[in-house]
Amino acid sequence: MDFVKTQETTNQLMTHLADLTVIKADGEKGPFYPYKISLVIDALVQAPNTRAELKQAIFDQLATFKSEVTTADIRQVFKDVLCSMGHADLARDYDAYRERDEQKWLAAINPSTKLDQLFGRSDTVVHENANKDSNVFSTRRDLTAGMVGKSLGLKMMPQIVAKAHLRGDIHYHDLDYSPMTEMTNCCLIDFKGMLNHGFKIGNADVEPPKSIQTATAQMSQIIANVASSQYGGCSADRADELLAPFAELNYQKHLRDAKRWVTRDKQDEFARAKTKKDIYDAMQALEYEINTLFSSNGQTPFTTIGFGLGTSWIEREIQKAILSVRIKGLGKQHRTAIFPKLIYTLKRGLNLKPADPNYDVKQLAIECATKRMYPDILMYDKIIELTGSFKAPMGCRSFLQGWRDENGQEVNSGRMNLGVVTINLPRIAIESQGDKAVFWEILKDRLAVSKKALLNKVERCKQASPKNAPILYQYGAFGKRLKDGDSVDELFTHRRATVSLGYIGLYEVGTEFYGPNWEHDQEAHNFTLSIVKCLHDYCAKWEEQYDYHFSVYSTPAESLTDTFCELDTEKFGKIPDITAKEYYTNSFHYDVRKNPTPFEKLAFEEAYPKYAAGGFIHYCEYPNLKQNPAALEAVWDWAYDHVGYLGTNTSIDHCYKCGFDGDFKPTAKGFECPECGNRDPKTCDVVKRTCGYLGNPQIRPMVHGRHEEIASRVKNMRLGDIDDAD
């Protein structure tokens with residue numbers, strides 16, 4: 001009976017504490033979270049019995065507050081209890097901890113601290129973006145400005161958000177740009193509106209193009225200017241259908257010439273041959289132009305081109321030219337182009353089976369993927385099922401939801417994302433110490449902070465003026481042409497734009513609760529899926545409340561895979577299969593160290609994008625596929641009804657010294673040829689999937705954690721796996 005009475009008393013105590021309102025230093029109010037007391041006590045005290053006694057005493061004292069308590073009150077109660085129970089030394093440790101925390105905050109908001117990291121060539125600062133060459137003056141200038149932007153940006157957001165970011169509870173993405181400036185993130189450019197109606201760049205009023213060559217030249221100029229006016233990737237949706245009318249102008253011109261100089265029975269053949277050559281030249285020029293562009297932030301624009309649904313002969317020729325140009329490669333050495341990212345669409349009845357009219361283009365896409373990793377694949381029907389309409393992603397993986405304007409017209413191009421905030425899920429799992437109730441309590445708290453961070457991003461974007469980014473707001477890239485006095489918010493609100501809640505490390509969460517080999521445990525799978533569903537449900541509530549589309553985003557985590565893990569290693573030590581790996585696993589992905597077949601991997605992952613439709617992609621790791629394209633096709637065909645977006649990671653590294661083709665060996669000094677040890681970027685071509693995009697780590701090194709993750713990747717198939725599946 002005594003135990004029952006004690007348990008009842010404890011339950012009443014915790015119920016009362018749950019009803020307490022905490023008033024923070026800045027006057028903001030929020031709920032009381034008992035787990036925070038537990039975390040501090042656990043960090044200070046080793047003996048379990050002492051921990052329990054101290055926690056109970058602190059909770060008892062806090063229960064004397066009727067309805068509200070300040071953070072200052074909580075700290076005082078905490079210290080009073082420690083001292084009264086003979087632990088004055090722990091009280092001093094606590095004060096020292098708070099002093100260190102305050103000094104860390106002051107350093108973070110001091111631009112000099114960040115600049116010292118940059119000039120000291122800090123690995124995390126210099127290599128956090130594998131697309132930026134930190135040796136180039138324009139990039140150095142951007143990095144310098146970014147360090148100042150990060151410091152000032154922390155002071156511009158709610159302090160609870162800034163400190164959560166610094167601790168590693170959440171990550172406020174692209175802090176070097178936002179909130180210091182009112183920039184947006186990624187977008188689908190409205191190329192159709194701009195090319196058909198003209199636009200302005202600088203002092204030039206640009207007229208609609210009269211040929212496909214001019215159209216692609218204008219596209220590259222638009223891409224450069226858009227990339228300099230935002231901080232994320234930009235995409236051209238359905239590029240084959242977009243460019244076909246301009247190639248038709250070439251055809252008509254050649255047909256007119258043919259009528260003058262060619263016999264009647266050869267006129268169409270002549271005009272088509274000339275047009276095919278124009279198309280190839282135009283697509284080759286676009287590829288070279290994008291790869292030689294530099295935006296104002298010192299990097300090649302993150303660019304994506306979606307294509308594959310066109311059916312006319314011109315549209316088919318554009319598709320084939322895009323792929324053929326990529327297969328050929330860049331320059332005399334025929335190196336793999338890093339940009340643009342190519343995304344080819346599969347559609348049942350169009351190109352999936354040998355009897356389909358565009359099946360030959362699919363075969364070319366397969367050849368291209370075996371040699372250049374791109375194109376990635378969109379499954380037409382699955383994308384509609386998951387996102388509500390068909391469209392390419394913005395940048396590498398950020399998807400818009402289906403949306404119609406005031407006239408009921410479906411709109412995709414001209415829409416954008418306003419930013420991303422990512423939750424550190426592995427940290428929550430570690431802090432919960434195997435208690436799922438505590439896990440959900442902490443997650444609820446982190447979601448409240450993430451909501452504040454996302455609203456901060458929205459509010460900053462709304463403060464832009466159309467003249468801040470004319471190419472976006474006044475000349476058509478965002479679909480409408482605003483005047484100087486118009487509010488940019490009309491392009492964001494009513495769910496036209498997205499703002500994204502990211503997450504990382506579901507594998508590590510599952511490992512904390514179920515052990516490192518949990519992927520075949522249905523209960524574990526359901527638990528991790530319920531986490532993503534929880535994020536989705538919160539986003540849906542926020543969307544109803546604020547009328548912006550809050551989407552769940554499976555964060556690519558190029559540098560974050562390193563940052564979160566490094567912070568958690570410092571806080572919790574090396575935990576086997578979690579922090580000891582020195583990286584966290586992207587979003588919902590299967591542990592990269594294991595070797596399921598492609599079918600097993602995709603079957604495991606396919607449930608998550610239902611709740612994370614704001615951003616997702618699946619990958620499979622393959623050996624050299626150049627001699628076995630049928631194996632890749634078998635995976636594509638099986639995946640059609642299972643996943644919406646699939647990337648190919650295969651061995652395409654090449655050594656120009658010894659002729660080796662395959663996977664370079666990861667070493668502490670970078671990747672090297674396994675045959676001759678070559679690491680010279682001038683005589684080797686090393687291409688790896690760094691996040692959603694490809695990167696060349698020999699030319700532009702990546703952060704340590706991403707290098708470790710890539711080095712840990714195991715192939716998802718043996719050559720016999722596909723044959724067995726067939």
# chains A, B, ... in the order shown; residues from 1 in each chain; ligands from 1

$ select_by_dssp --residues "stretch 494-638 of chain A" --states "alpha helix (DSSP H)" --output "MDAnalysis selection string"
chainID A and resid 506:514 522:546 560:572 598:605 629:638

$ write_last_selection --atoms "C-alpha atoms" --output "CSV table (one decimal), in the first residue's frame"
chain,number,residue,atom,x,y,z
A,506,LEU,CA,16.4,7.7,-37.9
A,507,TYR,CA,18.9,4.8,-38.1
A,508,GLU,CA,20.6,6.1,-35.0
A,509,VAL,CA,17.3,6.5,-33.2
A,510,GLY,CA,16.3,2.9,-34.0
A,511,THR,CA,19.7,1.8,-32.8
A,512,GLU,CA,19.3,3.5,-29.4
A,513,PHE,CA,16.0,1.8,-28.8
A,514,TYR,CA,16.4,-1.6,-30.6
A,522,GLN,CA,8.7,-4.4,-37.6
A,523,GLU,CA,8.2,-2.8,-34.2
A,524,ALA,CA,11.4,-0.7,-34.7
A,525,HIS,CA,10.4,0.2,-38.2
A,526,ASN,CA,6.9,1.3,-37.0
A,527,PHE,CA,8.4,3.4,-34.2
A,528,THR,CA,10.8,5.3,-36.5
A,529,LEU,CA,7.9,5.7,-39.0
A,530,SER,CA,5.7,7.1,-36.2
A,531,ILE,CA,8.4,9.8,-35.6
A,532,VAL,CA,8.2,11.1,-39.1
A,533,LYS,CA,4.4,10.9,-38.9
A,534,CYS,CA,4.5,13.0,-35.8
A,535,LEU,CA,6.6,15.7,-37.6
A,536,HIS,CA,4.0,15.5,-40.4
A,537,ASP,CA,1.1,16.0,-38.1
A,538,TYR,CA,2.7,19.0,-36.4
A,539,CYS,CA,3.4,20.6,-39.8
A,540,ALA,CA,-0.3,20.1,-40.8
A,541,LYS,CA,-1.4,21.9,-37.6
A,542,TRP,CA,1.0,24.8,-38.2
A,543,GLU,CA,-0.2,25.0,-41.8
A,544,GLU,CA,-3.8,25.4,-40.7
A,545,GLN,CA,-2.8,28.0,-38.2
A,546,TYR,CA,-0.5,30.2,-40.4
A,560,LEU,CA,25.2,18.4,-40.8
A,561,THR,CA,25.9,14.6,-40.8
A,562,ASP,CA,29.2,15.7,-39.3
A,563,THR,CA,28.1,18.7,-37.2
A,564,PHE,CA,25.4,17.0,-35.2
A,565,CYS,CA,27.5,13.9,-34.6
A,566,GLU,CA,30.5,15.9,-33.5
A,567,LEU,CA,28.5,17.9,-31.0
A,568,ASP,CA,26.9,14.8,-29.6
A,569,THR,CA,30.2,13.0,-29.3
A,570,GLU,CA,31.5,15.9,-27.3
A,571,LYS,CA,28.4,15.8,-25.1
A,572,PHE,CA,27.8,12.0,-24.7
A,598,PRO,CA,18.3,-2.8,-53.8
A,599,PHE,CA,14.8,-4.4,-53.4
A,600,GLU,CA,15.3,-4.9,-49.6
A,601,LYS,CA,16.6,-1.4,-49.1
A,602,LEU,CA,13.9,0.3,-51.1
A,603,ALA,CA,11.2,-1.8,-49.5
A,604,PHE,CA,12.5,-0.8,-46.1
A,605,GLU,CA,12.5,2.9,-47.0
A,629,PRO,CA,22.8,-2.1,-67.6
A,630,ALA,CA,20.0,-4.7,-67.4
A,631,ALA,CA,20.6,-4.9,-63.7
A,632,LEU,CA,20.0,-1.2,-63.2
A,633,GLU,CA,16.9,-1.4,-65.4
A,634,ALA,CA,15.5,-4.2,-63.2
A,635,VAL,CA,15.8,-2.0,-60.2
A,636,TRP,CA,14.2,0.9,-61.9
A,637,ASP,CA,11.3,-1.2,-63.1
A,638,TRP,CA,10.7,-2.8,-59.6

$ residues_around --residues "A:Pro674" --least-positions-apart "2" --cutoff "7 Å" --atoms "only C-alpha atoms" --output "ChimeraX atom specification"
/A:664-665,672,676-677

$ atom_distance --atom1 "atom CA of A:Leu188" --atom2 "atom CA of A:Met416"
6.4 Å

$ closest_residue --among "A:Ile377, A:Pro576, A:Asn407, A:Phe588" --to "A:Gly644" --atoms "only C-alpha atoms"
A:Ile377

$ select_by_dssp --residues "stretch 489-599 of chain A" --states "strand (DSSP E)" --output "ChimeraX atom specification"
/A:498-504,549-554

$ write_last_selection --atoms "N, CA, C and O atoms" --output "mmCIF file, in the first residue's frame"
data_model
loop_
_atom_site.group_PDB
_atom_site.id
_atom_site.type_symbol
_atom_site.label_atom_id
_atom_site.label_comp_id
_atom_site.auth_asym_id
_atom_site.auth_seq_id
_atom_site.Cartn_x
_atom_site.Cartn_y
_atom_site.Cartn_z
ATOM 1 N N THR A 498 6.686 26.764 -49.703
ATOM 2 C CA THR A 498 6.883 25.810 -48.623
ATOM 3 C C THR A 498 7.949 26.340 -47.670
ATOM 4 O O THR A 498 8.800 27.134 -48.046
ATOM 5 N N VAL A 499 7.884 25.891 -46.427
ATOM 6 C CA VAL A 499 8.953 26.082 -45.454
ATOM 7 C C VAL A 499 9.071 24.740 -44.746
ATOM 8 O O VAL A 499 8.066 24.103 -44.439
ATOM 9 N N SER A 500 10.294 24.269 -44.521
ATOM 10 C CA SER A 500 10.479 22.842 -44.267
ATOM 11 C C SER A 500 11.092 22.510 -42.920
ATOM 12 O O SER A 500 12.094 23.104 -42.507
ATOM 13 N N LEU A 501 10.474 21.514 -42.274
ATOM 14 C CA LEU A 501 10.985 20.930 -41.035
ATOM 15 C C LEU A 501 11.795 19.692 -41.405
ATOM 16 O O LEU A 501 11.248 18.703 -41.896
ATOM 17 N N GLY A 502 13.106 19.762 -41.210
ATOM 18 C CA GLY A 502 13.980 18.654 -41.574
ATOM 19 C C GLY A 502 14.243 17.720 -40.407
ATOM 20 O O GLY A 502 13.996 18.050 -39.241
ATOM 21 N N TYR A 503 14.767 16.556 -40.729
ATOM 22 C CA TYR A 503 15.148 15.592 -39.694
ATOM 23 C C TYR A 503 16.322 14.768 -40.196
ATOM 24 O O TYR A 503 16.568 14.644 -41.394
ATOM 25 N N ILE A 504 17.056 14.196 -39.258
ATOM 26 C CA ILE A 504 18.236 13.407 -39.585
ATOM 27 C C ILE A 504 18.360 12.279 -38.576
ATOM 28 O O ILE A 504 17.953 12.405 -37.428
ATOM 29 N N HIS A 549 2.678 26.561 -46.261
ATOM 30 C CA HIS A 549 2.809 25.106 -46.315
ATOM 31 C C HIS A 549 4.069 24.664 -45.584
ATOM 32 O O HIS A 549 5.185 24.866 -46.064
ATOM 33 N N PHE A 550 3.878 24.094 -44.404
ATOM 34 C CA PHE A 550 4.979 23.507 -43.644
ATOM 35 C C PHE A 550 5.140 22.061 -44.105
ATOM 36 O O PHE A 550 4.208 21.260 -44.002
ATOM 37 N N SER A 551 6.307 21.733 -44.619
ATOM 38 C CA SER A 551 6.530 20.395 -45.170
ATOM 39 C C SER A 551 7.627 19.685 -44.392
ATOM 40 O O SER A 551 8.526 20.320 -43.840
ATOM 41 N N VAL A 552 7.540 18.356 -44.343
ATOM 42 C CA VAL A 552 8.583 17.561 -43.695
ATOM 43 C C VAL A 552 9.619 17.201 -44.749
ATOM 44 O O VAL A 552 9.286 16.694 -45.825
ATOM 45 N N TYR A 553 10.863 17.440 -44.416
ATOM 46 C CA TYR A 553 11.978 17.402 -45.371
ATOM 47 C C TYR A 553 13.046 16.437 -44.867
ATOM 48 O O TYR A 553 13.560 16.587 -43.754
ATOM 49 N N SER A 554 13.359 15.447 -45.680
ATOM 50 C CA SER A 554 14.396 14.471 -45.339
ATOM 51 C C SER A 554 15.756 15.081 -45.669
ATOM 52 O O SER A 554 16.254 14.958 -46.789
#

$ decode --residues "stretch 187-215 of chain A" --atoms "N, CA, C and O atoms" --output "mmCIF file, in the first residue's frame"
data_model
loop_
_atom_site.group_PDB
_atom_site.id
_atom_site.type_symbol
_atom_site.label_atom_id
_atom_site.label_comp_id
_atom_site.auth_asym_id
_atom_site.auth_seq_id
_atom_site.Cartn_x
_atom_site.Cartn_y
_atom_site.Cartn_z
ATOM 1 N N CYS A 187 13.951 26.907 -55.613
ATOM 2 C CA CYS A 187 12.750 27.211 -56.400
ATOM 3 C C CYS A 187 12.699 26.397 -57.688
ATOM 4 O O CYS A 187 13.701 25.838 -58.145
ATOM 5 N N LEU A 188 11.498 26.361 -58.252
ATOM 6 C CA LEU A 188 11.287 25.933 -59.643
ATOM 7 C C LEU A 188 11.122 27.212 -60.459
ATOM 8 O O LEU A 188 10.121 27.923 -60.308
ATOM 9 N N ILE A 189 12.081 27.540 -61.277
ATOM 10 C CA ILE A 189 12.030 28.782 -62.061
ATOM 11 C C ILE A 189 10.933 28.691 -63.123
ATOM 12 O O ILE A 189 10.773 27.660 -63.783
ATOM 13 N N ASP A 190 10.210 29.769 -63.290
ATOM 14 C CA ASP A 190 9.187 29.825 -64.340
ATOM 15 C C ASP A 190 9.849 30.193 -65.672
ATOM 16 O O ASP A 190 9.681 31.298 -66.195
ATOM 17 N N PHE A 191 10.604 29.250 -66.209
ATOM 18 C CA PHE A 191 11.293 29.495 -67.481
ATOM 19 C C PHE A 191 10.299 29.739 -68.611
ATOM 20 O O PHE A 191 10.554 30.557 -69.504
ATOM 21 N N LYS A 192 9.181 29.033 -68.589
ATOM 22 C CA LYS A 192 8.207 29.176 -69.680
ATOM 23 C C LYS A 192 7.715 30.610 -69.770
ATOM 24 O O LYS A 192 7.689 31.217 -70.856
ATOM 25 N N GLY A 193 7.352 31.194 -68.637
ATOM 26 C CA GLY A 193 6.878 32.573 -68.647
ATOM 27 C C GLY A 193 7.965 33.550 -69.057
ATOM 28 O O GLY A 193 7.716 34.502 -69.805
ATOM 29 N N MET A 194 9.175 33.318 -68.596
ATOM 30 C CA MET A 194 10.260 34.242 -68.897
ATOM 31 C C MET A 194 10.689 34.165 -70.352
ATOM 32 O O MET A 194 10.926 35.190 -71.006
ATOM 33 N N LEU A 195 10.794 32.949 -70.885
ATOM 34 C CA LEU A 195 11.224 32.811 -72.278
ATOM 35 C C LEU A 195 10.150 33.267 -73.253
ATOM 36 O O LEU A 195 10.459 33.825 -74.317
ATOM 37 N N ASN A 196 8.903 33.047 -72.905
ATOM 38 C CA ASN A 196 7.827 33.405 -73.832
ATOM 39 C C ASN A 196 7.462 34.883 -73.776
ATOM 40 O O ASN A 196 6.949 35.432 -74.756
ATOM 41 N N HIS A 197 7.707 35.524 -72.644
ATOM 42 C CA HIS A 197 7.266 36.916 -72.487
ATOM 43 C C HIS A 197 8.421 37.887 -72.298
ATOM 44 O O HIS A 197 8.190 39.097 -72.166
ATOM 45 N N GLY A 198 9.639 37.384 -72.307
ATOM 46 C CA GLY A 198 10.785 38.251 -72.143
ATOM 47 C C GLY A 198 11.040 38.586 -70.677
ATOM 48 O O GLY A 198 10.214 38.339 -69.805
ATOM 49 N N PHE A 199 12.198 39.147 -70.401
ATOM 50 C CA PHE A 199 12.567 39.481 -69.033
ATOM 51 C C PHE A 199 13.691 40.513 -69.091
ATOM 52 O O PHE A 199 14.154 40.895 -70.179
ATOM 53 N N LYS A 200 14.130 40.931 -67.929
ATOM 54 C CA LYS A 200 15.198 41.914 -67.866
ATOM 55 C C LYS A 200 16.284 41.436 -66.927
ATOM 56 O O LYS A 200 16.008 40.911 -65.849
ATOM 57 N N ILE A 201 17.543 41.584 -67.340
ATOM 58 C CA ILE A 201 18.698 41.342 -66.480
ATOM 59 C C ILE A 201 19.625 42.546 -66.613
ATOM 60 O O ILE A 201 20.040 42.896 -67.728
ATOM 61 N N GLY A 202 19.930 43.176 -65.492
ATOM 62 C CA GLY A 202 20.784 44.354 -65.539
ATOM 63 C C GLY A 202 20.164 45.459 -66.372
ATOM 64 O O GLY A 202 19.031 45.877 -66.126
ATOM 65 N N ASN A 203 20.876 45.877 -67.395
ATOM 66 C CA ASN A 203 20.381 46.950 -68.259
ATOM 67 C C ASN A 203 19.706 46.438 -69.524
ATOM 68 O O ASN A 203 19.293 47.233 -70.366
ATOM 69 N N ALA A 204 19.626 45.109 -69.653
ATOM 70 C CA ALA A 204 19.147 44.540 -70.923
ATOM 71 C C ALA A 204 17.719 44.032 -70.805
ATOM 72 O O ALA A 204 17.393 43.235 -69.918
ATOM 73 N N ASP A 205 16.863 44.501 -71.712
ATOM 74 C CA ASP A 205 15.536 43.912 -71.887
ATOM 75 C C ASP A 205 15.683 42.771 -72.877
ATOM 76 O O ASP A 205 16.027 42.995 -74.049
ATOM 77 N N VAL A 206 15.437 41.567 -72.428
ATOM 78 C CA VAL A 206 15.687 40.373 -73.235
ATOM 79 C C VAL A 206 14.385 39.924 -73.903
ATOM 80 O O VAL A 206 13.387 39.659 -73.227
ATOM 81 N N GLU A 207 14.419 39.850 -75.207
ATOM 82 C CA GLU A 207 13.251 39.443 -75.985
ATOM 83 C C GLU A 207 13.139 37.923 -76.026
ATOM 84 O O GLU A 207 14.130 37.204 -75.829
ATOM 85 N N PRO A 208 11.940 37.386 -76.282
ATOM 86 C CA PRO A 208 11.784 35.934 -76.416
ATOM 87 C C PRO A 208 12.713 35.382 -77.490
ATOM 88 O O PRO A 208 12.907 36.009 -78.538
ATOM 89 N N PRO A 209 13.323 34.231 -77.249
ATOM 90 C CA PRO A 209 14.291 33.672 -78.197
ATOM 91 C C PRO A 209 13.617 33.185 -79.477
ATOM 92 O O PRO A 209 12.451 32.803 -79.482
ATOM 93 N N LYS A 210 14.398 33.176 -80.540
ATOM 94 C CA LYS A 210 13.891 32.722 -81.839
ATOM 95 C C LYS A 210 14.531 31.403 -82.263
ATOM 96 O O LYS A 210 14.367 30.966 -83.399
ATOM 97 N N SER A 211 15.282 30.776 -81.372
ATOM 98 C CA SER A 211 15.908 29.488 -81.669
ATOM 99 C C SER A 211 16.201 28.775 -80.362
ATOM 100 O O SER A 211 16.238 29.399 -79.289
ATOM 101 N N ILE A 212 16.435 27.480 -80.419
ATOM 102 C CA ILE A 212 16.742 26.732 -79.213
ATOM 103 C C ILE A 212 18.112 27.128 -78.670
ATOM 104 O O ILE A 212 18.332 27.122 -77.451
ATOM 105 N N GLN A 213 19.049 27.493 -79.532
ATOM 106 C CA GLN A 213 20.362 27.920 -79.045
ATOM 107 C C GLN A 213 20.245 29.175 -78.184
ATOM 108 O O GLN A 213 20.867 29.268 -77.119
ATOM 109 N N THR A 214 19.447 30.129 -78.646
ATOM 110 C CA THR A 214 19.249 31.351 -77.862
ATOM 111 C C THR A 214 18.473 31.055 -76.585
ATOM 112 O O THR A 214 18.746 31.626 -75.528
ATOM 113 N N ALA A 215 17.514 30.135 -76.663
ATOM 114 C CA ALA A 215 16.717 29.772 -75.488
ATOM 115 C C ALA A 215 17.598 29.198 -74.381
ATOM 116 O O ALA A 215 17.466 29.569 -73.213
#
